[in-house]
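**Student:** Here it is: the structure, laid out below.
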Number of protein chains: 4
Amino acid sequence: MSYFAGLLSTLFDRRYERAVSLDAEGRTMTELALDLLGARGEVSGSTLARLILDQYAGADDAEKRGFFAFMLQDLEIDPVEVVECLKAYKEAPSKRSYREYARASEPRRQELLRRLNQVPGGTAHLVSMRKDLLRMIRTDRMLGPLDVDFQHLFASWFNRGFLVLRPINWSSPAEILEKIIAYEAVHAIDSWDDLRRRLQPSDRRCFGFFHPAMPDEPLIFVEVALTRGIPNSIQSLLADGRDPIEAEEADTAVFYSISNCQAGLAGISFGNSLIKQVAADLSRDLSLIETFVTLSPIPGLSKWLDQADHPALKNASRQAQAAYYLLDAKREDRLPVDPVARFHLGNGASVHAVHADADLSENGMRQSYGAMVNYMYDLSRITTNHEQFVTEKTVAASPEVHALSALVAAAK
Amino acid sequence: MSYFAGLLSTLFDRRYERAVSLDAEGRTMTELALDLLGARGEVSGSTLARLILDQYAGADDAEKRGFFAFMLQDLEIDPVEVVECLKAYKEAPSKRSYREYARASEPRRQELLRRLNQVPGGTAHLVSMRKDLLRMIRTDRMLGPLDVDFQHLFASWFNRGFLVLRPINWSSPAEILEKIIAYEAVHAIDSWDDLRRRLQPSDRRCFGFFHPAMPDEPLIFVEVALTRGIPNSIQSLLADGRDPIEAEEADTAVFYSISNCQAGLAGISFGNSLIKQVAADLSRDLSLIETFVTLSPIPGLSKWLDQADHPALKNASRQAQAAYYLLDAKREDRLPVDPVARFHLGNGASVHAVHADADLSENGMRQSYGAMVNYMYDLSRITTNHEQFVTEKTVAASPEVHALSALVAAAK
Amino acid sequence: MSYFAGLLSTLFDRRYERAVSLDAEGRTMTELALDLLGARGEVSGSTLARLILDQYAGADDAEKRGFFAFMLQDLEIDPVEVVECLKAYKEAPSKRSYREYARASEPRRQELLRRLNQVPGGTAHLVSMRKDLLRMIRTDRMLGPLDVDFQHLFASWFNRGFLVLRPINWSSPAEILEKIIAYEAVHAIDSWDDLRRRLQPSDRRCFGFFHPAMPDEPLIFVEVALTRGIPNSIQSLLADGRDPIEAEEADTAVFYSISNCQAGLAGISFGNSLIKQVAADLSRDLSLIETFVTLSPIPGLSKWLDQADHPALKNASRQAQAAYYLLDAKREDRLPVDPVARFHLGNGASVHAVHADADLSENGMRQSYGAMVNYMYDLSRITTNHEQFVTEKTVAASPEVHALSALVAAAK
Amino acid sequence: MSYFAGLLSTLFDRRYERAVSLDAEGRTMTELALDLLGARGEVSGSTLARLILDQYAGADDAEKRGFFAFMLQDLEIDPVEVVECLKAYKEAPSKRSYREYARASEPRRQELLRRLNQVPGGTAHLVSMRKDLLRMIRTDRMLGPLDVDFQHLFASWFNRGFLVLRPINWSSPAEILEKIIAYEAVHAIDSWDDLRRRLQPSDRRCFGFFHPAMPDEPLIFVEVALTRGIPNSIQSLLADGRDPIEAEEADTAVFYSISNCQAGLAGISFGNSLIKQVAADLSRDLSLIETFVTLSPIPGLSKWLDQADHPALKNASRQAQAAYYLLDAKREDRLPVDPVARFHLGNGASVHAVHADADLSENGMRQSYGAMVNYMYDLSRITTNHEQFVTEKTVAASPEVHALSALVAAAK
């Protein structure tokens with residue numbers, strides 16, 4: 001936004017824009033898109049791309065849907081051409097024949113998206129475009145293939161090597177902090193004062209991944225508490241009047257909240273990289289920290305308990321219920337029912353401890369009757385845990401949690 | 001390099017690396033690459049990628065060639081699968097069937113390159129890998145298709161929206177400045193003192209494009225002289241004892257040298273964006289500047305003149321020869337013979353003036369018997385010029401240059 | 001604070017501190033101060049200084065008063081010594097005799113303050129110390145001379161050449177923004193949302209002076225509105241729902257609030273430099289801006305009107321009252337009664353226009369029955385206005401304001 | 001320079017400057033200085049200050065000397081006024097009477113220098129002015145008292161709390177690096193390549209103190225080698241082809257060169273702070289480093305040996321000679337003859353080891369017949385060493401050095 005303003009403020013650009021804009025007047029997004037795909041040289045490309053993104057930003061849902069349909073149908077592959085080019089390439093492999101095949105086998109909409117991405121600020125517009133698309137796909141599954149192209153490109157553009165890890169603290173710009181307030185998805189932040197309590201004390205840290213093309217937009221962030229010992233409730237961790245400890249005295253880093261910020265980047269995974277990178281940075285700066293755990297919600301517990309009808313389970317303690325749920329409640333594919341469990345176990349963590357009355361907030365009571373769990377990231381075991389979870393669906397857990405779960409199993 | 005060192009210096013990472021590295025010991029690049037492609041989850045992916053890039057960096061040409069052959073043959077598309085997936089998709093289009101087609105139609109080497117790119121610093125390694133590839137392709141054209149994949153990915157990763165324009169001046173880090181000395185391709189820079197003369201005076205500017213994943217490596221840079229009036233020789237422009245003028249007094253910006261820095265990014269075009277962006281920035285900061293021209297070499301003139309056998313041409317003045325060459329010497333595709341001319345005319349510039357005795361250096365005499373040319377970037381005409389050049393192969397030129405060229409044509 | 005923590009976190013420092021601290025244990029501030037003055041070499045100086053500042057920070061008012069008394073009495077000049085050194089110097093002027101005189105004529109408390117200032121972060125502590133002193137002086141005028149020393153040193157340390165002008169906007173660190181909320185003295189900022197309305201719109205600017213030794217603490221800041229035409233009320237300027245204009249369209253910059261932030265820097269003047277520098281920066285960046293005015297309160301108007309008993313004045317319009325007050329209400333020294341008027345007129349501004357119903361807030365009604373004034377900074381007249389105000393006490397004003405004031409004067 | 005240009009480039013300033021400059025035309029530095037001292041308000045002050053500094057910069061030695069004489073004589077204290085004000089203050093101490101005394105007891109030239117310092121960039125000009133002054137004092141000792149005022153103000157402005165420690169490395173701006181080449185006073189740097197060998201290897205560090213008002217000018221810098229064990233010659237330390245070690249493997253930090261950069265800051269001491277701060281930073285970042293030593297020249301050794309006529313001394317080994325010289329060669333005030341020894345011993349270091357053939361350069365042979373010395377900064381002993389050196393003139397040394405020295409003493 002401000003970038004566009006900045007760019008437009010030069011005489012050079014103004015005159016130049018005007019020339020192209022006049023030509024473009026009265027043309028639709030799809031006409032402009034075809035022009036953009038046909039543009040030879042980059043001279044007029046970036047202006048066309050800008051015009052399309054501007055039109056899109058002002059479009060209503062019907063127009064957006066129309067643009068998606070256009071990309072899906074008019075910029076689709078030509079199956080006959082794909083097969084012909086494939087044949088030509090395999091018969092006489094060369095740079096030229098392969099280039100022809102590569103061009104034909106990829107729908108032109110991918111090239112359109114790449115050209116739209118060439119405008120400064122374009123990336124954020126495309127992320128926002130996919131957010132629209134995902135919303136519409138829910139009711140119009142025909143649009144599904146288009147999302148495959150978006151996801152393919154985003155995975156390439158948002159690869160780990162391009163991301164920048166930045167600390168987020170009370171010295172960060174307000175425009176970033178207000179997004180932390182808005183995006184915190186696990187334990188809501190009520191106000192700027194509440195935010196300050198999360199960021200400013202000596203025993204708190206927050207880190208986010210940023211992409212250079214969207215420097216003011218966190219992609220994902222994690223909030224960390226530095227503690228002595230492993231905490232067993234979110235209330236005590238976030239208590240208003242608590243006494244912070246010195247960071248240098250902490251022996252444990254607790255990842256108590258991880259929030260994705262961009263709906264338009266759904267399915268592009270950053271979480272595991274983030275935890276690993278933050279753990280590495282913390283262990284470098286604070287040499288006493290040896291334990292890395294989470295304090296995580298168990299979002300599916302209440303619902304699952306309500307549906308269960310084993311008396312043994314009903315009568316078990318909350319801790320035992322939670323342990324059993326995490327270790328033994330599985331989906332058809334033999335992976336845990338709980339989505340947060342799947343995430344951390346997939347990263348190589350183990351179920352370290354379960355706690356009753358650990359999140360007494362309305363949300364905590366609703367989703368898990370107040371229970372929470374610590375997943376542990378033990379470096380010496382991450383790879384093994386990860387492999388076993390992926391190949392054999394084994395859930396790594398501490399003996400204590402195993403014992404709790406076994407109580408329920410035995411009683412059934 | 002320093003990044004890896006930094007990463008390795010944490011206890012966390014050290015222990016972690018060791019676990020994976022031990023497993024990897026004694027395995028070849030291609031075995032590791034297959035592991036990387038098979039890796040489920042990101043846990044071990046970045047370490048595997050790093051091991052491959054490290055092995056590659058230490059490999060000799062035979063090993064590198066082997067790795068390229070592996071990518072080309074073992075990670076090739078399966079034509080049968082492509083056709084089957086294509087058929088399935090067209091018969092029953094869905095997100096799933098399209099994803100299967102997309103996966104099958106793209107060779108797995110692209111996914112391998114994307115995963116190698118996830119390592120911090122990976123991008124620079126891949127750019128260097130393509131430099132090797134391009135060198136080997138010259139003698140082994142079978143490797144050609146592999147370069148199509150590299151180019152496809154690089155065009156996506158180095159799109160204009162990700163690039164950052166930075167001024168390069170006497171306050172820039174030495175590690176960047178030494179690369180300017182190394183990469184200057186048009187008018188060589190002899191020493192740090194020579195560099196200072198290019199950067200420090202009030203009437204000199206230099207700008208480069210950088211990519212966030214390679215922050216210390218300029219991709220391309222342009223050197224600019226701010227002048228009163230359009231200069232007619234490089235000697236006067238770069239004269240040792242000359243008196244600089246105040247930037248605020250200049251009415252003309254002269255792009256006198258554009259250098260690409262990365263052999264591994266050949267064919268990824270930045271030049272036009274760079275000139276346009278720099279012109280926009282300069283016109284914002286220095287309001288008196290109204291003229292944007294180049295002072296460019298004519299690299300093909302000498303050779304072309306030596307081969308020509310028209311007496312009229314031989315007898316013409318150097319200026320007339322140059323004008324005729326730029327306007328009328330064409331390739332089979334009717335585009336100008338001169339590569340620099342093709343670049344600027346393709347960007348929408350026009351041939352503004354030609355000068356004899358304008359570059360008396362050894363190199364200047366060899367390539368063009370000392371002649372040089374100003375291409376003009378006139379905003380009000382860039383789009384028209386560009387369109388006409390691309391569609392009708394028309395070379396835009398000033399009346400004076402047209403007249404010079406006509407002299408020769410008439411005499412022939 | 002964080003700096004000290006950082007420093008202490010190194011093993012080197014920890015061991016070193018401990019050695020000095022043990023020696024210092026149980027000693028009072030005044031004993032430590034004498035040690036600090038006696039310290040030969042800097043080796044132990046900075047640690048002693050830190051210990052003193054730490055003790056001071058934890059002291060109660062009685063202890064602080066004791067420390068001030070110590071500085072005033074025990075670190076006082078010795079009149080006999082002053083006279084002797086003066087005599088020696090005048091009889092045989094030399095570097096040595098002058099150095100002796102300079103040493104003797106200055107109380108040792110100045111040297112103490114200079115040594116306390118050598119600790120990183122010391123400057124902020126001393127500013128805070130003077131804040132205490134100024135508070136105590138109100139009831140204990142004997143402490144007055146000590147403030148002369150503080151003021152002397154602060155004028156030297158906070159001279160204009162050391163200050164840095166920084167924009168303050170929605171990208172500024174939260175820790176600075178929260179101080180803007182706290183320090184805004186003219187038109188209170190209620191909340192972060194209110195702050196955002198002051199900083200984020202395209203037609204708003206804010207700038208502050210910072211000192212390198214207190215980088216997180218604004219010394220003074222000014223809020224600016226960019227407008228078309230000169231505004232006549234603060235309500236319209238700060239209206240919630242108003243439509244911002246583009247900065248590039250503005251022809252006027254309105255300084256509508258200037259706030260000093262540091263009570264401990266009372267009497268150290270920054271305001272004039274700030275306005276001049278901000279005007280220079282704005283006129284460079286936004287070429288259409290030609291008018292620089294304030295929209296200022298008239299803090300003494302209500303009180304003065306309530307005390308006046310001229311019927312002509314009572315019956316005059318609010319505008320006429322304000323004009324008469326600003327132009328004709330004088331103190332014994334013939335300068336205007338109104339303190340804000342003295343500030344801007346002393347800077348060379350003129351009274352440009354007066355407005356009734358211009359500040360309808362509780363505070364505005366109380367201090368000036370809602371009237372406000374525009375002071376104009378006209379570059380071509382600043383020096384003349386300033387000189388005439390200082391030498392002849394002439395108040396520069398527009399013909400309209402003169403006419404309004406004359407109405408009242410004539411009726412009296 | 002560039003700052004002034006920047007400032008002048010605004011219309012606002014241009015008009016304003018012109019007004020003041022016209023008034024100032026044809027006036028001398030001393031007239032302008034009197035104006036500046038008389039200026040009421042800051043409005044015209046900064047312009048006057050700038051004019052004076054500009055005139056001074058263009059003045060020849062006679063004019064500069066004249067300006068110094070003017071400050072010394074015309075801006076001198078009035079002894080009668082000093083005594084009167086002193087009397088008035090002591091009879092009736094008050095803020096007002098003390099202020100009068102303070103004003104009278106300080107020569108007005110100090111206020112002039114403070115006002116000149118208010119111009120951005122003024123500090124650098126004043127440092128340069130003092131450089132001139134020190135040069136002239138050598139032949140004109142009457143100017144001596146003026147330097148007392150400069151030194152007094154500089155000690156206040158360049159106090160430790162205002163200085164910023166910055167690493168200097170191959171990423172530093174060229175404009176700073178060229179000053180390192182110019183200012184290196186101990187072991188000359190021949191070229192940019194030589195500089196790179198000092199800065200770029202993993203086992204080299206360099207740090208400098210900077211003042212915020214002169215951000216491009218290092219005040220002092222120290223070069224550090226990270227080693228395993230304590231080095232015994234500068235040749236091996238700076239050898240061209242040597243293999244760098246990883247910084248993380250080093251156990252020793254060697255301060256092998258400390259250079260002051262500003263002749264105009266002579267007598268303002270930064271060296272001890274610099275060493276202490278750098279040692280603290282290094283021990284935080286590189287946990288294995290436990291030993292902090294210098295590898296220092298012995299500048300007075302050759303000359304002292306040549307003058308000595310004890311046969312025992314003449315016959316002693318170079319090491320024994322050096323040890324004896326450092327421990328036993330004293331000035332009248334019982335401090336060591338060697339200036340570098342006085343510096344480090346005064347900082348609390350001890351003489352750790354002496355080496356023959358340790359600096360075989362021309363300069364090393366001339367000043368010390370090739371001998372060098374390690375001074376050790378042992379944290380647990382710095383305070384004690386410092387105190388004993390200052391109070392009892394005791395030179396701390398290792399048993400080995402004591403033994404070497406004793407050999408010579410015994411033989412005498």
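Residues are named by chain letter and number: chains run A, B, ... in the order of the structure tokens, numbers start at 1 in each chain, and ligands are numbered from 1 in the order shown.
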Got a sec to pull out which chain C residues are within 12 Å of chain B, counting only C-alpha atoms, and send them as a list in words?

**Tutor:**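 Listed by rising number, the hits are Arg284, Asp285, Leu286 and Ser287 of chain C.
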
**Student:** List every residue of range 19-97 of chain A that DSSP, applied to the backbone, labels as alpha helix (DSSP H), and write the result as a count of residues only.

**Tutor:** 59

**Student:** What lies within 9 Å of range 192-194 of chain D using only C-alpha atoms, ignoring chain neighbours under 2 positions off, as number ranges by chain?

**Tutor:** B: 192; D: 177-178, 181, 189-190, 196-199, 240

**Student:** When DSSP works through the backbone of this structure, what residues of range 78-283 of chain B end up as strand (DSSP E), shown as a list in words?

**Tutor:**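 Going through range 78-283 of chain B, the strand (DSSP E) residues come out as Val164, Leu165, Arg166, Pro167, Arg204, Arg205, Cys206, Phe207, Gly208, Phe209, Phe210, Ile220, Phe221, Val222, Glu223, Val224, Ala225, Leu226, Thr227, Thr252, Ala253, Val254, Phe255, Tyr256, Ser257, Ile258, Ser259 and Asn260 of chain B.
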
**Student:** So that I can check the surroundings of Ala358 in chain A, please list as number ranges by chain every protein, DNA and RNA residue that reaches within 8 Å of it, counting only C-alpha atoms and ignoring chain neighbours fewer than 4 positions away.

**Tutor:** A: 232-235, 370-372

**Student:** Next, dump the selected residues to file, keeping only N, CA and C atoms, as an mmCIF file, in the first residue's frame.

**Tutor:**
data_model
loop_
_atom_site.group_PDB
_atom_site.id
_atom_site.type_symbol
_atom_site.label_atom_id
_atom_site.label_comp_id
_atom_site.auth_asym_id
_atom_site.auth_seq_id
_atom_site.Cartn_x
_atom_site.Cartn_y
_atom_site.Cartn_z
ATOM 1 N N ASN A 232 2.698 -26.700 35.104
ATOM 2 C CA ASN A 232 1.566 -27.613 34.968
ATOM 3 C C ASN A 232 0.228 -26.901 34.798
ATOM 4 N N SER A 233 0.257 -25.576 34.588
ATOM 5 C CA SER A 233 -1.012 -24.898 34.268
ATOM 6 C C SER A 233 -0.724 -23.577 33.585
ATOM 7 N N ILE A 234 -1.645 -23.215 32.701
ATOM 8 C CA ILE A 234 -1.481 -21.961 31.990
ATOM 9 C C ILE A 234 -1.818 -20.780 32.910
ATOM 10 N N GLN A 235 -2.678 -21.028 33.903
ATOM 11 C CA GLN A 235 -3.025 -19.927 34.813
ATOM 12 C C GLN A 235 -1.782 -19.396 35.517
ATOM 13 N N GLY A 370 -10.414 -28.561 30.929
ATOM 14 C CA GLY A 370 -9.327 -27.956 31.686
ATOM 15 C C GLY A 370 -7.990 -28.683 31.620
ATOM 16 N N ALA A 371 -7.934 -29.835 30.959
ATOM 17 C CA ALA A 371 -6.671 -30.587 30.919
ATOM 18 C C ALA A 371 -5.692 -29.993 29.885
ATOM 19 N N MET A 372 -4.412 -30.127 30.154
ATOM 20 C CA MET A 372 -3.371 -29.722 29.206
ATOM 21 C C MET A 372 -2.269 -30.782 29.206
#

**Student:** Skip Leu143 in chain A itself and residues of its chain fewer than 2 positions away, then list as a list in words all residues within 8 Å of it, counting only C-alpha atoms.

**Tutor:** Phe68, Ala69, Leu72, Leu133, Met136, Ile137, Asp140, Arg141, Pro145, Leu146 and Asp147 of chain A; Lys95 of chain B

**Student:** Pull N, CA and C atoms from the residues just selected and write them as a CSV table (one decimal), in the first residue's frame.

**Tutor:**
chain,number,residue,atom,x,y,z
A,68,PHE,N,-11.4,-16.7,-10.8
A,68,PHE,CA,-10.9,-18.1,-10.5
A,68,PHE,C,-11.3,-19.1,-11.6
A,69,ALA,N,-12.6,-18.9,-12.0
A,69,ALA,CA,-13.1,-19.8,-13.1
A,69,ALA,C,-12.3,-19.6,-14.4
A,72,LEU,N,-9.0,-21.4,-14.1
A,72,LEU,CA,-9.2,-22.8,-14.1
A,72,LEU,C,-9.5,-23.3,-15.5
A,133,LEU,N,-9.9,-18.0,-2.2
A,133,LEU,CA,-10.1,-19.2,-2.9
A,133,LEU,C,-10.5,-20.3,-1.9
A,136,MET,N,-14.0,-20.1,-0.9
A,136,MET,CA,-15.0,-20.5,-1.9
A,136,MET,C,-15.0,-22.0,-2.2
A,137,ILE,N,-13.8,-22.6,-2.0
A,137,ILE,CA,-13.7,-24.0,-2.3
A,137,ILE,C,-14.6,-24.8,-1.4
A,140,ASP,N,-17.6,-24.8,-3.2
A,140,ASP,CA,-17.5,-25.0,-4.7
A,140,ASP,C,-16.2,-25.9,-4.9
A,141,ARG,N,-16.4,-27.2,-4.8
A,141,ARG,CA,-15.2,-28.0,-4.8
A,141,ARG,C,-14.6,-28.1,-6.2
A,145,PRO,N,-8.7,-27.8,-8.0
A,145,PRO,CA,-7.5,-27.9,-8.7
A,145,PRO,C,-6.7,-26.6,-8.7
A,146,LEU,N,-7.4,-25.5,-8.7
A,146,LEU,CA,-6.7,-24.2,-8.7
A,146,LEU,C,-5.8,-24.1,-7.5
A,147,ASP,N,-6.3,-24.6,-6.4
A,147,ASP,CA,-5.5,-24.5,-5.1
A,147,ASP,C,-4.2,-25.3,-5.2
B,95,LYS,N,-9.4,-32.0,-7.0
B,95,LYS,CA,-8.2,-31.5,-6.4
B,95,LYS,C,-7.2,-32.7,-6.4

**Student:** Skip Ala124 in chain B itself and residues of its chain fewer than 3 positions away, then list as a ChimeraX atom specification all residues within 8 Å of it, counting only C-alpha atoms.

**Tutor:** /B:121,127-128,213-214

**Student:** Pull N, CA and C atoms from the residues just selected and write them as a PDB file, in the first residue's frame.

**Tutor:**
ATOM      1  N   GLY B 121      21.223 -20.459   3.126  1.00  0.00           N
ATOM      2  CA  GLY B 121      22.408 -20.431   2.284  1.00  0.00           C
ATOM      3  C   GLY B 121      22.301 -21.350   1.078  1.00  0.00           C
ATOM      4  N   VAL B 127      22.804 -21.680  -7.129  1.00  0.00           N
ATOM      5  CA  VAL B 127      23.243 -20.785  -8.205  1.00  0.00           C
ATOM      6  C   VAL B 127      24.629 -21.212  -8.688  1.00  0.00           C
ATOM      7  N   SER B 128      25.457 -21.569  -7.737  1.00  0.00           N
ATOM      8  CA  SER B 128      26.800 -22.035  -8.071  1.00  0.00           C
ATOM      9  C   SER B 128      26.732 -23.382  -8.802  1.00  0.00           C
ATOM     10  N   ALA B 213      17.954 -14.035   0.147  1.00  0.00           N
ATOM     11  CA  ALA B 213      18.638 -15.270   0.549  1.00  0.00           C
ATOM     12  C   ALA B 213      20.133 -15.245   0.226  1.00  0.00           C
ATOM     13  N   MET B 214      20.603 -14.188  -0.445  1.00  0.00           N
ATOM     14  CA  MET B 214      22.032 -14.037  -0.747  1.00  0.00           C
ATOM     15  C   MET B 214      22.425 -12.593  -0.479  1.00  0.00           C
TER      16      MET B 214
END

**Student:** For a test of reading the model, state the distance in Å between CA of Val148 in chain D and CA of Ala33 in chain D, rounded to one decimal.

**Tutor:**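 Separation of CA of Val148 in chain D and CA of Ala33 in chain D: 19.6 Å.
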
**Student:** Could you tell me how far CA of Pro120 in chain A sits from CA of Glu63 in chain A, in Å to one decimal place?

**Tutor:** 23.8 Å

**Student:** Residues at most 12 Å from range 78-93 of chain A, counting only C-alpha atoms, excluding those fewer than 4 positions away in the same chain, as JSON, numbers by chain?

**Tutor:** {"A": [73, 74, 97, 98, 99, 100, 101, 102, 103, 104, 105, 106, 107, 108], "B": [72, 73, 76, 77, 78, 79, 80, 81, 82, 83, 84, 85, 86, 87, 88, 89, 90, 91, 101, 105, 106, 141, 142, 143, 144, 145, 146]}

**Student:** Rounded to one decimal place, report the CA of Gln321 in chain D-CA of Phe389 in chain D distance in Å.

**Tutor:**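 Separation of CA of Gln321 in chain D and CA of Phe389 in chain D: 21.6 Å.
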
**Student:** Each residue of range 108-213 of chain A with at least one atom at most 12 Å from range 279-283 of chain A should appear once, together with its nearest atom pair and the corresponding distance in Å (one decimal); atoms considered: only C-alpha atoms; ordering: chain, then increasing residue number; output as CSV.

**Tutor:**
residue,atom,partner,partner_atom,distance
A:Leu165,CA,A:Asp281,CA,10.0
A:Arg166,CA,A:Asp281,CA,10.8
A:Pro167,CA,A:Asp281,CA,10.4
A:Asp203,CA,A:Leu282,CA,11.8
A:Arg204,CA,A:Leu282,CA,11.5
A:Arg205,CA,A:Leu282,CA,9.4
A:Cys206,CA,A:Leu282,CA,11.0
A:Phe207,CA,A:Asp281,CA,10.3
